[in-house]
Amino acid sequence: MVHVYNCHPFSSQQIVQVEQEPGLVCCGGGALFLVATGGCKVEAYSVVQEGCPLICRFATMGTVRNIQHSKIGDYLVTIEEKNSATYLRAYTNWRYQAEEKARVGVRLLGHLLRGASVRGGVQMEIIEIPLSERPVAVACCSVTGDLLVGCENTLVLFTLRRQNQQSLQSQSQQIVQSTWPNTQQSPSQSQGQTSSSNQTISILDFERSVILHLPILKPKQVALCGGYVAVRTELEVLVLKLDASTEPQVLEESTDTTDPQEDPTDFLVVSIHQELLGDRAKDCEIPVSIEKTGLEDRGQYSLTYVLFRRFSPDYFQGCSEDETHLHSLQLYPLFTSNQTVSVEEPACVFCFFSLPTTGYLYSLKGGVELLSAYQYPEKVLEAVLTDHLLHVITKNALQCFTVRLAAVAARIEDPYIDTTMKACPPSTLEVCALRMQLFIGLRSVCVYRRHVILLSTADAETPEETERNAQRRGLELKEHNMLTGIFLAVGIDPATTPALESLLSRPFLGRKWPLSSPKGVSATGHGWNIYVVDTVSPLTLYQEMVEYSQRYAESNPQAQSLRHLLSEAHLLLRASLLQTAEQLQDSEDYLVVSLQRDGPAERPTATQADTQELEEALRQNCAQLGDCFSRDSQKDCHLALPYYRMSGLPVTEVIARNRPLPSSPHSYGTGFLFYLKHYLLEESEQSLSREAADEVIDIFSQSEPSQLVSVCASPPMTNISPARTLRILQNLEDTAGVSVPLTITMATMMLQMGDLQQYTQLMERHAEMLLVYGFIEEPRLLVHGGVGGQHTLIRPTALTRQLAKSHPGLMVAAMVALHENNKVQLEQADRIFKELGCENCLQVDFWEAMLMASSQEAVIQELLFRLASVYIDRLTNTQSDSHPDQSYTLLKRRSLKSADDLINSCSHFGALHPWLTVLSPVHTTSYQHQEALHKLQSLLCGPSLSVDSVFPLLERLSEDTLWGFSLHLLCATRRGQYGNSIEKLLDRCPQAIIAYANHQLQDKNMVLWWQKLLPELCNRTRVSADNAILLAALKETLVVVSMETSPAEFLELIPDDGTASYFLPHLLTCSQRHLLA
Amino acid sequence: MTTKTSLLKVILLGDGGVGKSSIMNRYVTNKFDAHLFHTIGVEFLNKELEVDGHQVTLQIWDTAGQERFRSLRTPFYRGSDCCLLTFSVDDSQSFLNLGNWKKEFIYYADVKEPEKFPFVVLGNKLDVTERQVSSEEAQQWCQENGDYPYYETSAKDATNVAVAFEEAVRRVLAMDERTDHLIPTDTVKLHRKPRSAGACCS
């Protein structure tokens, strides 16, 4: 089904004052070009000026059979005939031919010796392009200005070259490709008479760069756009991608899609409508070979098949062969505003072609796909695609259809489309007809921007048709007579039998009559007209569509048509916004126009103000689409969210728009609830007013009570009236039963009301563990912000502040649980504690608790380091009373976990080595200091702390005190510096040496007993022989050594000056043990 | 008003400096500039006129006579309906070269029946007093080469210029008497020689 809306896309109509009947029409660069029937003259009229005045008139060298204008380079290319030979020619600088008496230069392709400046003025030039085969069709690339020529069995690609005039004169063969607009810089210059000698003028030329051989294809029409080459025969379309690169690359992703309607068996028997997309197109069995002819070495060309379609006349659909001819092949580029990579490469390329009954629009880039199939209500003669609309002509009407180009481009431009952030109607949205405007005898159509140019001939039938019909009538008559004769011969008079009469009067199967009639002289010659029909601005059309949609909205807001119309309007605006991005390119045309005439040329492009207007309209449209989807309960209702977001409406406005009318059944649409939930989840920084927040509570209490806890916890809801909400929550509890998050939410309300007693009562209804689970379920009870992403600032709720005061253990446990369940990051937790003002107490408790709970290695290392540094801080701050101001935080509250708790319950805190007790006896300092010391020692005794990382921090601690020394010794021992440690310990605290050695010198360090400790002790006792501590240590050491060594080794170890009697018992023990072994 | 006009391609050939561009300018714009630039390559101008009741668009092709421009000039000989061989009466060498110009034209224009092709010979600069080529010499050359019409012209004072072009048109139209050139043929026969049809605009 094709929607037909009776909109008014056409605003005005002008009739161009033409003297001779036009045969061919084309347009471009703000001009309309007419070739008189059979004549050899081209007339150019300005379509952008009131009254379409004549720009200039110039003669061609032969009878023009085909004419095209190239936007880039502003040249015309023609296929001409003279004396039965066919020529291909390009007309450049045609705007300088205002005076018909000016000489026209002619040169061959590639012969650039001459130049206009030699003559002192810009001169129109004709480039003769010799071809070995007869040219049949031409096309110009709207991106590069390159020229594609379709011959009998080949396609020849000519690349546009721009030769700078001055560099030409200096014989430098530098090719300037991008300076063309420069030539148009002086609008005051009039028609090539006043060119100054130093003006830079680029001269166009072409280089024959590549020939594609298509031995089995007979091109009827060609198209070229940014490397895409399309060729059409009577019933086939083939699109190729030509890449100039050293290595062949496949550009198109394969999309294995065939026409879903296509019956596979039909497909095999007769390929009625064959469609091969992407990689599959190479299976079309149409060989194409490349012949490179370019002189400049620019690597190899590679070819990829992109699209192939083949049609067959479908007699059963009432189509005859000659009615199944394809026409109107077009490749259409679209640029997007954020294109920075290459202006040469359009973001999207589309391919359009048409049968008399159906038009096909494909998107070629990023996967080939059929966007739309246009079902025409009647036989279409020609079609022209633009970025807003598709214009088609039938014999008696100009029709305009909507297009989906903007839907494709928008998705390429903005990756956020089709997310919860942004939306755009799908590219598969059904197309519709906006208008059917009646004309008489339309023959051809072309479009320049908003100007649709029509050629009509009043005698509805073209001469060929007249002749063909006459011929057909003749044949029909012959058949009729023959059949009647047969009937009469067998004795039946058809005139007496109505059934037979009707059979005979019916035309028989369509038949192809050979088209031999010449493109004849129109007998009348006065019934023709050239119309320039202006389309209204997209914004105006948009406004009309919106008005139109209001009628649907009033009658049936759920109607598909309303949504369809608003979606159409949306795409119209998007197309316009995309077009503003094309400013740069299109302004070229206008410079040309203003150069030509002093009169005011059409405003180049949408100005800043226009863009703002369009954007405002888009926001309005998004709001309306949002309304559409919000009331919906169907599968697309989630689109309400992105459309409302794009509309920029504040949430209160959206709520107001969705408020049910008093008369209607009191319910909210699924789409609206979806939007609202997302809004509340998105952690908006903006708080709702009390009224709005209460309304939100009412909405959910009515539509989705289960969401109430989540809604209440949402940051924008901070202003809700707690008493009112509490009543609603109590109702919920009565109906849905008790749940922990609900209880906590109710407690929060109590807290807001200042009723601490009720608050405590509610909080005590559940065990702490259950409360922690409640917080995991709804983290926003504790923290706001940060959930939607790390950009938003995280902060504690009022409940968190209260918990920090009244239930610090619960608060820490909850934070650990949130962290371990990935609800908050470590940095975010830090921020919470900072906000709470308890960085040095609760936060440290949190870290200690985290160490007990966490299993993430990276987090553990980070926490170990942080704790070590905290403990060191505490030790330095408590060791003297000179900094009372710094120690105040320490005195506020005891840690949740004592050193013993940690040692007993956390694997990262090791048991204190026994020698530490010898070294630093208890109760020498304050409790705080003692705890910090033990925790740090315990960390150093534990397996996890990386000593190397905390070693620099320890430098801050002096070794003067024994506890300080103990830490350094621990550290040095952990770092394996046993020898040094033994010496230091013997210096500072020899009574601890045996405890130390017993603990540390095990296994592979056992040798240190005799290699280091024994010699050390011997030396020291030698110096102070009366040192009982050292002697006792020596004795203990000898016991150990004698146990661990062989008698021979032991003998070696005994110092030479030792008293034999002292060592003998040990040697004896050693020998006996050895014998036993 | 008829919508069909014949387009006749008439090409001016002759040595550099004999006044081809001046003749063309005089005929089309009725102006004379004594200090014209040398023509580089090929240029043309259109002139509409009526000859013996036939509406004709004359496409006059001006060529560069100097030797060094030959490669730019010769590709455009094809499809000519008439050739105006031009010399200067004050330059005998330009007269002697007429035969070479004729040969060059016939070769590059690919004329299949050279004896039937309409050439017209112009002796320009009649206004100059020191003549090097006599009228008789020129007449004789025309006689011997195929009975070409000969006109002595002066682009400077407009003598005989229009007459010469009109004669060229008549010659072409006379050639085409056999085939009605005003009705174009629809089909294009690729291997047909350009001249054989003789139609001027199809």
# chains A, B, ... in the order shown; residues from 1 in each chain; ligands from 1
>>> select_by_dssp(residues="region 42-184 of chain B", states="strand (DSSP E or B)", output="PyMOL selection string")
chain B and resi 42-51+54-63+82-88+119-124+150-152+154+159
>>> closest_atom_pairs(of="chain A", to="chain B", cutoff="6 Å", atoms="only C-alpha atoms", output="tab-separated table")
residue	atom	partner	partner_atom	distance
A:Glu81	CA	B:Ser202	CA	5.9
A:Lys82	CA	B:Ser202	CA	5.0
A:Asn83	CA	B:Pro194	CA	5.1
A:Ser84	CA	B:Val188	CA	5.5
A:Arg103	CA	B:Leu45	CA	5.3
A:Val104	CA	B:Glu43	CA	5.2
A:Gly105	CA	B:Glu43	CA	4.3
A:Val106	CA	B:Val42	CA	5.4
A:Pro518	CA	B:Asp186	CA	4.9
>>> write_last_selection(atoms="N, CA, C and O atoms", output="PDB file, in the first residue's frame")
ATOM      1  N   GLU A  81      25.857  14.319 -33.646  1.00  0.00           N
ATOM      2  CA  GLU A  81      25.969  13.661 -34.946  1.00  0.00           C
ATOM      3  C   GLU A  81      26.130  14.709 -36.015  1.00  0.00           C
ATOM      4  O   GLU A  81      25.511  15.783 -35.967  1.00  0.00           O
ATOM      5  N   LYS A  82      26.983  14.381 -36.925  1.00  0.00           N
ATOM      6  CA  LYS A  82      27.086  15.235 -38.109  1.00  0.00           C
ATOM      7  C   LYS A  82      27.533  14.349 -39.246  1.00  0.00           C
ATOM      8  O   LYS A  82      28.477  13.562 -39.100  1.00  0.00           O
ATOM      9  N   ASN A  83      26.856  14.491 -40.346  1.00  0.00           N
ATOM     10  CA  ASN A  83      27.168  13.673 -41.511  1.00  0.00           C
ATOM     11  C   ASN A  83      27.275  12.199 -41.126  1.00  0.00           C
ATOM     12  O   ASN A  83      28.222  11.510 -41.491  1.00  0.00           O
ATOM     13  N   SER A  84      26.339  11.757 -40.325  1.00  0.00           N
ATOM     14  CA  SER A  84      26.221  10.342 -39.941  1.00  0.00           C
ATOM     15  C   SER A  84      27.375   9.831 -39.091  1.00  0.00           C
ATOM     16  O   SER A  84      27.520   8.642 -38.897  1.00  0.00           O
ATOM     17  N   ARG A 103      34.346  34.142 -30.720  1.00  0.00           N
ATOM     18  CA  ARG A 103      34.936  32.943 -31.316  1.00  0.00           C
ATOM     19  C   ARG A 103      34.967  31.820 -30.292  1.00  0.00           C
ATOM     20  O   ARG A 103      35.157  32.052 -29.113  1.00  0.00           O
ATOM     21  N   VAL A 104      34.811  30.640 -30.784  1.00  0.00           N
ATOM     22  CA  VAL A 104      34.827  29.468 -29.911  1.00  0.00           C
ATOM     23  C   VAL A 104      36.066  28.664 -30.247  1.00  0.00           C
ATOM     24  O   VAL A 104      36.330  28.381 -31.409  1.00  0.00           O
ATOM     25  N   GLY A 105      36.856  28.358 -29.215  1.00  0.00           N
ATOM     26  CA  GLY A 105      38.060  27.563 -29.444  1.00  0.00           C
ATOM     27  C   GLY A 105      37.713  26.089 -29.498  1.00  0.00           C
ATOM     28  O   GLY A 105      36.796  25.628 -28.835  1.00  0.00           O
ATOM     29  N   VAL A 106      38.443  25.372 -30.291  1.00  0.00           N
ATOM     30  CA  VAL A 106      38.225  23.939 -30.371  1.00  0.00           C
ATOM     31  C   VAL A 106      39.570  23.247 -30.216  1.00  0.00           C
ATOM     32  O   VAL A 106      40.567  23.701 -30.781  1.00  0.00           O
ATOM     33  N   PRO A 518      11.386   7.869 -37.434  1.00  0.00           N
ATOM     34  CA  PRO A 518      12.406   8.845 -37.058  1.00  0.00           C
ATOM     35  C   PRO A 518      11.890   9.776 -35.969  1.00  0.00           C
ATOM     36  O   PRO A 518      10.684   9.913 -35.792  1.00  0.00           O
TER      37      PRO A 518
END
>>> residues_around(residues="region 94-97 of chain B", least_positions_apart="5", cutoff="10 Å", atoms="only C-alpha atoms", output="PDB file with all heavy atoms, in the first residue's frame")
ATOM      1  N   GLY B  14      44.918  28.014 -45.362  1.00  0.00           N
ATOM      2  CA  GLY B  14      45.879  28.838 -46.089  1.00  0.00           C
ATOM      3  C   GLY B  14      47.038  29.202 -45.197  1.00  0.00           C
ATOM      4  O   GLY B  14      46.966  29.013 -43.971  1.00  0.00           O
ATOM      5  N   ASP B  15      48.102  29.719 -45.811  1.00  0.00           N
ATOM      6  CA  ASP B  15      49.303  30.041 -45.044  1.00  0.00           C
ATOM      7  C   ASP B  15      49.022  31.021 -43.914  1.00  0.00           C
ATOM      8  O   ASP B  15      48.058  31.795 -43.983  1.00  0.00           O
ATOM      9  CB  ASP B  15      50.354  30.673 -45.963  1.00  0.00           C
ATOM     10  CG  ASP B  15      51.101  29.616 -46.765  1.00  0.00           C
ATOM     11  OD1 ASP B  15      50.689  28.432 -46.689  1.00  0.00           O
ATOM     12  OD2 ASP B  15      52.073  29.968 -47.437  1.00  0.00           O
ATOM     13  N   GLY B  16      49.899  30.982 -42.938  1.00  0.00           N
ATOM     14  CA  GLY B  16      49.787  31.915 -41.831  1.00  0.00           C
ATOM     15  C   GLY B  16      49.911  33.346 -42.321  1.00  0.00           C
ATOM     16  O   GLY B  16      50.786  33.655 -43.137  1.00  0.00           O
ATOM     17  N   GLY B  17      49.053  34.226 -41.920  1.00  0.00           N
ATOM     18  CA  GLY B  17      49.160  35.632 -42.242  1.00  0.00           C
ATOM     19  C   GLY B  17      48.450  36.047 -43.526  1.00  0.00           C
ATOM     20  O   GLY B  17      48.504  37.203 -43.900  1.00  0.00           O
ATOM     21  N   VAL B  18      47.767  35.121 -44.192  1.00  0.00           N
ATOM     22  CA  VAL B  18      47.059  35.535 -45.419  1.00  0.00           C
ATOM     23  C   VAL B  18      45.743  36.232 -45.107  1.00  0.00           C
ATOM     24  O   VAL B  18      45.150  36.862 -45.978  1.00  0.00           O
ATOM     25  CB  VAL B  18      46.815  34.347 -46.381  1.00  0.00           C
ATOM     26  CG1 VAL B  18      48.129  33.723 -46.814  1.00  0.00           C
ATOM     27  CG2 VAL B  18      45.883  33.311 -45.762  1.00  0.00           C
ATOM     28  N   LEU B  85      40.116  27.768 -49.693  1.00  0.00           N
ATOM     29  CA  LEU B  85      41.577  27.821 -49.780  1.00  0.00           C
ATOM     30  C   LEU B  85      41.970  29.277 -49.971  1.00  0.00           C
ATOM     31  O   LEU B  85      41.537  29.925 -50.922  1.00  0.00           O
ATOM     32  CB  LEU B  85      42.064  26.973 -50.947  1.00  0.00           C
ATOM     33  CG  LEU B  85      41.764  25.468 -50.844  1.00  0.00           C
ATOM     34  CD1 LEU B  85      42.078  24.776 -52.162  1.00  0.00           C
ATOM     35  CD2 LEU B  85      42.591  24.854 -49.719  1.00  0.00           C
ATOM     36  N   THR B  86      42.762  29.774 -49.060  1.00  0.00           N
ATOM     37  CA  THR B  86      43.015  31.209 -49.033  1.00  0.00           C
ATOM     38  C   THR B  86      44.508  31.506 -49.250  1.00  0.00           C
ATOM     39  O   THR B  86      45.369  30.819 -48.674  1.00  0.00           O
ATOM     40  CB  THR B  86      42.569  31.788 -47.675  1.00  0.00           C
ATOM     41  OG1 THR B  86      41.268  31.284 -47.388  1.00  0.00           O
ATOM     42  CG2 THR B  86      42.515  33.295 -47.711  1.00  0.00           C
ATOM     43  N   PHE B  87      44.782  32.494 -50.092  1.00  0.00           N
ATOM     44  CA  PHE B  87      46.162  32.988 -50.191  1.00  0.00           C
ATOM     45  C   PHE B  87      46.116  34.508 -50.178  1.00  0.00           C
ATOM     46  O   PHE B  87      45.046  35.109 -50.208  1.00  0.00           O
ATOM     47  CB  PHE B  87      46.854  32.443 -51.448  1.00  0.00           C
ATOM     48  CG  PHE B  87      46.320  33.002 -52.745  1.00  0.00           C
ATOM     49  CD1 PHE B  87      46.938  34.074 -53.373  1.00  0.00           C
ATOM     50  CD2 PHE B  87      45.173  32.450 -53.320  1.00  0.00           C
ATOM     51  CE1 PHE B  87      46.433  34.583 -54.558  1.00  0.00           C
ATOM     52  CE2 PHE B  87      44.675  32.966 -54.512  1.00  0.00           C
ATOM     53  CZ  PHE B  87      45.300  34.026 -55.132  1.00  0.00           C
ATOM     54  N   SER B  88      47.292  35.106 -50.141  1.00  0.00           N
ATOM     55  CA  SER B  88      47.359  36.557 -50.152  1.00  0.00           C
ATOM     56  C   SER B  88      47.946  36.984 -51.496  1.00  0.00           C
ATOM     57  O   SER B  88      48.987  36.448 -51.925  1.00  0.00           O
ATOM     58  CB  SER B  88      48.238  37.036 -48.994  1.00  0.00           C
ATOM     59  OG  SER B  88      48.463  38.400 -49.121  1.00  0.00           O
ATOM     60  N   VAL B  89      47.306  37.923 -52.162  1.00  0.00           N
ATOM     61  CA  VAL B  89      47.767  38.322 -53.501  1.00  0.00           C
ATOM     62  C   VAL B  89      49.132  39.015 -53.434  1.00  0.00           C
ATOM     63  O   VAL B  89      49.807  39.138 -54.437  1.00  0.00           O
ATOM     64  CB  VAL B  89      46.735  39.218 -54.229  1.00  0.00           C
ATOM     65  CG1 VAL B  89      45.469  38.448 -54.550  1.00  0.00           C
ATOM     66  CG2 VAL B  89      46.433  40.477 -53.432  1.00  0.00           C
ATOM     67  N   LYS B 102      45.384  21.994 -50.210  1.00  0.00           N
ATOM     68  CA  LYS B 102      44.316  21.152 -50.750  1.00  0.00           C
ATOM     69  C   LYS B 102      44.608  19.692 -50.412  1.00  0.00           C
ATOM     70  O   LYS B 102      43.724  18.949 -49.964  1.00  0.00           O
ATOM     71  CB  LYS B 102      44.233  21.358 -52.269  1.00  0.00           C
ATOM     72  CG  LYS B 102      43.127  20.563 -52.920  1.00  0.00           C
ATOM     73  CD  LYS B 102      43.150  20.743 -54.430  1.00  0.00           C
ATOM     74  CE  LYS B 102      42.349  19.624 -55.108  1.00  0.00           C
ATOM     75  NZ  LYS B 102      42.459  19.684 -56.577  1.00  0.00           N
ATOM     76  N   LYS B 103      45.880  19.296 -50.634  1.00  0.00           N
ATOM     77  CA  LYS B 103      46.243  17.904 -50.354  1.00  0.00           C
ATOM     78  C   LYS B 103      46.068  17.578 -48.869  1.00  0.00           C
ATOM     79  O   LYS B 103      45.528  16.526 -48.510  1.00  0.00           O
ATOM     80  CB  LYS B 103      47.704  17.645 -50.762  1.00  0.00           C
ATOM     81  CG  LYS B 103      47.880  17.442 -52.241  1.00  0.00           C
ATOM     82  CD  LYS B 103      49.350  17.141 -52.550  1.00  0.00           C
ATOM     83  CE  LYS B 103      49.709  17.662 -53.944  1.00  0.00           C
ATOM     84  NZ  LYS B 103      51.135  18.002 -54.045  1.00  0.00           N
ATOM     85  N   LEU B 122      40.163  31.872 -52.402  1.00  0.00           N
ATOM     86  CA  LEU B 122      40.109  33.291 -52.079  1.00  0.00           C
ATOM     87  C   LEU B 122      41.505  33.894 -52.189  1.00  0.00           C
ATOM     88  O   LEU B 122      42.454  33.388 -51.586  1.00  0.00           O
ATOM     89  CB  LEU B 122      39.590  33.513 -50.651  1.00  0.00           C
ATOM     90  CG  LEU B 122      38.250  32.882 -50.268  1.00  0.00           C
ATOM     91  CD1 LEU B 122      37.877  33.295 -48.832  1.00  0.00           C
ATOM     92  CD2 LEU B 122      37.153  33.314 -51.222  1.00  0.00           C
ATOM     93  N   GLY B 123      41.598  34.976 -52.976  1.00  0.00           N
ATOM     94  CA  GLY B 123      42.836  35.750 -53.002  1.00  0.00           C
ATOM     95  C   GLY B 123      42.619  36.997 -52.186  1.00  0.00           C
ATOM     96  O   GLY B 123      41.933  37.920 -52.613  1.00  0.00           O
ATOM     97  N   GLN B 132      51.749  40.240 -55.985  1.00  0.00           N
ATOM     98  CA  GLN B 132      52.740  39.276 -56.462  1.00  0.00           C
ATOM     99  C   GLN B 132      52.056  38.174 -57.281  1.00  0.00           C
ATOM    100  O   GLN B 132      52.704  37.423 -57.990  1.00  0.00           O
ATOM    101  CB  GLN B 132      53.470  38.630 -55.273  1.00  0.00           C
ATOM    102  CG  GLN B 132      54.438  39.590 -54.599  1.00  0.00           C
ATOM    103  CD  GLN B 132      55.328  38.896 -53.586  1.00  0.00           C
ATOM    104  OE1 GLN B 132      55.265  37.693 -53.430  1.00  0.00           O
ATOM    105  NE2 GLN B 132      56.163  39.681 -52.925  1.00  0.00           N
ATOM    106  N   VAL B 133      50.759  38.039 -57.103  1.00  0.00           N
ATOM    107  CA  VAL B 133      50.027  37.011 -57.846  1.00  0.00           C
ATOM    108  C   VAL B 133      48.964  37.721 -58.690  1.00  0.00           C
ATOM    109  O   VAL B 133      48.164  38.496 -58.149  1.00  0.00           O
ATOM    110  CB  VAL B 133      49.357  36.008 -56.876  1.00  0.00           C
ATOM    111  CG1 VAL B 133      48.654  34.915 -57.661  1.00  0.00           C
ATOM    112  CG2 VAL B 133      50.364  35.427 -55.918  1.00  0.00           C
ATOM    113  N   GLU B 137      46.804  34.275 -63.097  1.00  0.00           N
ATOM    114  CA  GLU B 137      47.494  33.106 -62.543  1.00  0.00           C
ATOM    115  C   GLU B 137      46.538  32.318 -61.642  1.00  0.00           C
ATOM    116  O   GLU B 137      46.444  31.093 -61.740  1.00  0.00           O
ATOM    117  CB  GLU B 137      48.681  33.543 -61.667  1.00  0.00           C
ATOM    118  CG  GLU B 137      49.944  33.891 -62.402  1.00  0.00           C
ATOM    119  CD  GLU B 137      51.007  34.365 -61.421  1.00  0.00           C
ATOM    120  OE1 GLU B 137      51.018  35.568 -61.084  1.00  0.00           O
ATOM    121  OE2 GLU B 137      51.778  33.509 -60.941  1.00  0.00           O
ATOM    122  N   ALA B 138      45.863  33.067 -60.818  1.00  0.00           N
ATOM    123  CA  ALA B 138      44.959  32.435 -59.852  1.00  0.00           C
ATOM    124  C   ALA B 138      43.809  31.747 -60.571  1.00  0.00           C
ATOM    125  O   ALA B 138      43.485  30.589 -60.292  1.00  0.00           O
ATOM    126  CB  ALA B 138      44.432  33.481 -58.872  1.00  0.00           C
ATOM    127  N   TRP B 141      44.967  28.565 -62.056  1.00  0.00           N
ATOM    128  CA  TRP B 141      45.154  27.475 -61.079  1.00  0.00           C
ATOM    129  C   TRP B 141      43.796  26.831 -60.734  1.00  0.00           C
ATOM    130  O   TRP B 141      43.648  25.610 -60.676  1.00  0.00           O
ATOM    131  CB  TRP B 141      45.823  28.025 -59.815  1.00  0.00           C
ATOM    132  CG  TRP B 141      46.230  26.928 -58.859  1.00  0.00           C
ATOM    133  CD1 TRP B 141      47.407  26.262 -58.857  1.00  0.00           C
ATOM    134  CD2 TRP B 141      45.438  26.399 -57.794  1.00  0.00           C
ATOM    135  NE1 TRP B 141      47.432  25.333 -57.858  1.00  0.00           N
ATOM    136  CE2 TRP B 141      46.224  25.390 -57.179  1.00  0.00           C
ATOM    137  CE3 TRP B 141      44.158  26.661 -57.310  1.00  0.00           C
ATOM    138  CZ2 TRP B 141      45.759  24.655 -56.104  1.00  0.00           C
ATOM    139  CZ3 TRP B 141      43.708  25.924 -56.232  1.00  0.00           C
ATOM    140  CH2 TRP B 141      44.498  24.918 -55.626  1.00  0.00           C
TER     141      TRP B 141
END
>>> atom_distance(atom1="CA of Phe33 (chain A)", atom2="CA of Ala137 (chain A)")
17.5 Å
